[in-house]
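*Asks:* Okay, handing you the structure first.
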2 protein chains.
Amino acid sequence: MSPGDGRWFLFNASPDIRTQIESFPPLQPSSNPRGRTVPLQAVLLTDAELDHTLGLLLLREGRGLVLHATETVRDTLYGGTSLLRTLEAYCPVEWQPVIPGADVPLADGLSYQAFDVPTTKRPRFGSDAGKGRVAGYRLTDERSGRTLVYLPSVQDLTAVRDQLDDCTCLLVDGTCWRDDELIRLGLASKTAREMGHMPIDGSDGSLARLARLPIERTIYTHINNTNPILLEDAPERRILEQHGMEVAVDSLDLRM
Amino acid sequence: MSPGDGRWFLFNASPDIRTQIESFPPLQPSSNPRGRTVPLQAVLLTDAELDHTLGLLLLREGRGLVLHATETVRDTLYGGTSLLRTLEAYCPVEWQPVIPGADVPLADGLSYQAFDVPTTKRPRFGSDAGKGRVAGYRLTDERSGRTLVYLPSVQDLTAVRDQLDDCTCLLVDGTCWRDDELIRLGLASKTAREMGHMPIDGSDGSLARLARLPIERTIYTHINNTNPILLEDAPERRILEQHGMEVAVDSLDLRM
């Protein structure tokens, strides 16, 4: 995301970050005299999942990184996956603690407030405390007052309901269509919810909940390759579209 | 690489391994009932560099991995970057120690011998012992007797000269064209050689050395984005081609 002045901020750093940067000219280092440094101001982490953090190691060749993360996420990246310790062997890392509820100015006219996203998922690494393991972000364009909520991992929308009521745009967890999707396919022994992700379908799924809210654009993201909404001709995709909801695609450009 | 019976082995696991697998149908898990498991028998590591090992974490969702690595490389992956400890939290990892000079059958008709590639480069992690940090591999097709040598990191060809004399195909370190390439561009304060990579150009560069050897195909690999041989119209590329040498490209298919 960017306030529009050439500075860019990233939500999470996925393992395909190089491909993302290569396909997005404003983030390319070519205009920069140091050649390898992308015009990236900071990375805002929602959690310590490998698929959200491995890309940090691919950003190691710049002058350093500013990382926004909760204390729990930072501790997991240090003592659990050790990713931060490895990264610091290559470049300086400045940690900005993410504190739920605090207003954080990112740039002129752009600020965020993070909020705790409770989860009962048992983590592979680090503390299994309920709090601090997953953060959601509410970004505000202070000129227009419009807000975007980023929520790629959420187990239960009830707990974060306050955040959804007046947001303009929502990027929300679309990992699985059904709660037992991975069990049916023989890929896992856990439900989507047990893995920290609310399914889309069902009376207690995210679609039924979100369809009732006055959000301008609701866009499913963090979609697993087993989720039929990825197929343009799938009936599940049609259902989403009938509810006015969208499926995130690479290089989706959102303007606030 | 594959002996041709549907089993595949990988040299190193780069961060773009998912893209590699997606663009290479024989490695795709679609034909496999478990869906996420690629028909990968083992990964053979030349060293512990992040760009050669981060992709291991992207292979964590299968039934497990077999990893060929020297003891020094394994120790660095455990105690240095901690990548192996993280991987083992997701799937079982079977370590096959790589011992220089030993004949190792990989599959019917396909075997390898690893050899030590001495380096004086100071490692960021782990032991700075000269031995064991970098391995080269000599693959032999036992039916034809033809051999391929894989050498993506090499500081001095003299030390591995015996391996080059009778190989059919050589995949060799092409990181930099000039020894001072990264210094000139202001990207680093070290020469290519100080970073463990023999430059291509110059009287003591790899091109002058390799051009004299009777190798059928010599293919430069591990090419940095500063190296002009990546540009099809660069004079440096022309020089390589005039010596009958090649530049590796994605999805290059070599048949022994």
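Please note that chains go A, B, ... in the order of the structure tokens, that every chain numbers its residues from 1, and that ligands are numbered from 1 in the order shown.
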Write out as a list in words which residues come within 12 Å of Ser144 of chain B when counting only C-alpha atoms, dropping same-chain ones fewer than 6 positions away.
*Replies:*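 Skipping anything fewer than 6 positions along the chain leaves Gly109, Leu110, Thr168, Arg255 and Met256 of chain B.
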*Asks:* Skipping near chain neighbours, those fewer than 4 positions away, what residues fall within 12 Å of Asp128 of chain A using only C-alpha atoms, listed as a list in words?
*Replies:*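 Listing them by chain and then by number gives Thr72, Val73, Asp75, Thr76, Gly80, Pro118, Thr119, Thr120, Lys121, Arg122, Pro123, Arg124, Gly132, Arg133 and Val134 of chain A.
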*Asks:* Provide as a ChimeraX atom specification the residues of chain B at most 7 Å from chain A, counting only C-alpha atoms.
*Replies:* /B:15-16,34,81-82,86,89,124,186-187
*Asks:* From the list A:Leu252, A:Glu241, A:Leu164, A:Val66, which residue is nearest Glu88 of chain A when using only C-alpha atoms?
*Replies:*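 Of the candidates, the smallest distance to Glu88 of chain A is held by A:Val66.
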*Asks:* What is the atom CA of Arg138 of chain B to atom CA of Cys167 of chain B distance in Å?
*Replies:*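 Pair atom CA of Arg138 of chain B / atom CA of Cys167 of chain B returns 8.2 Å.
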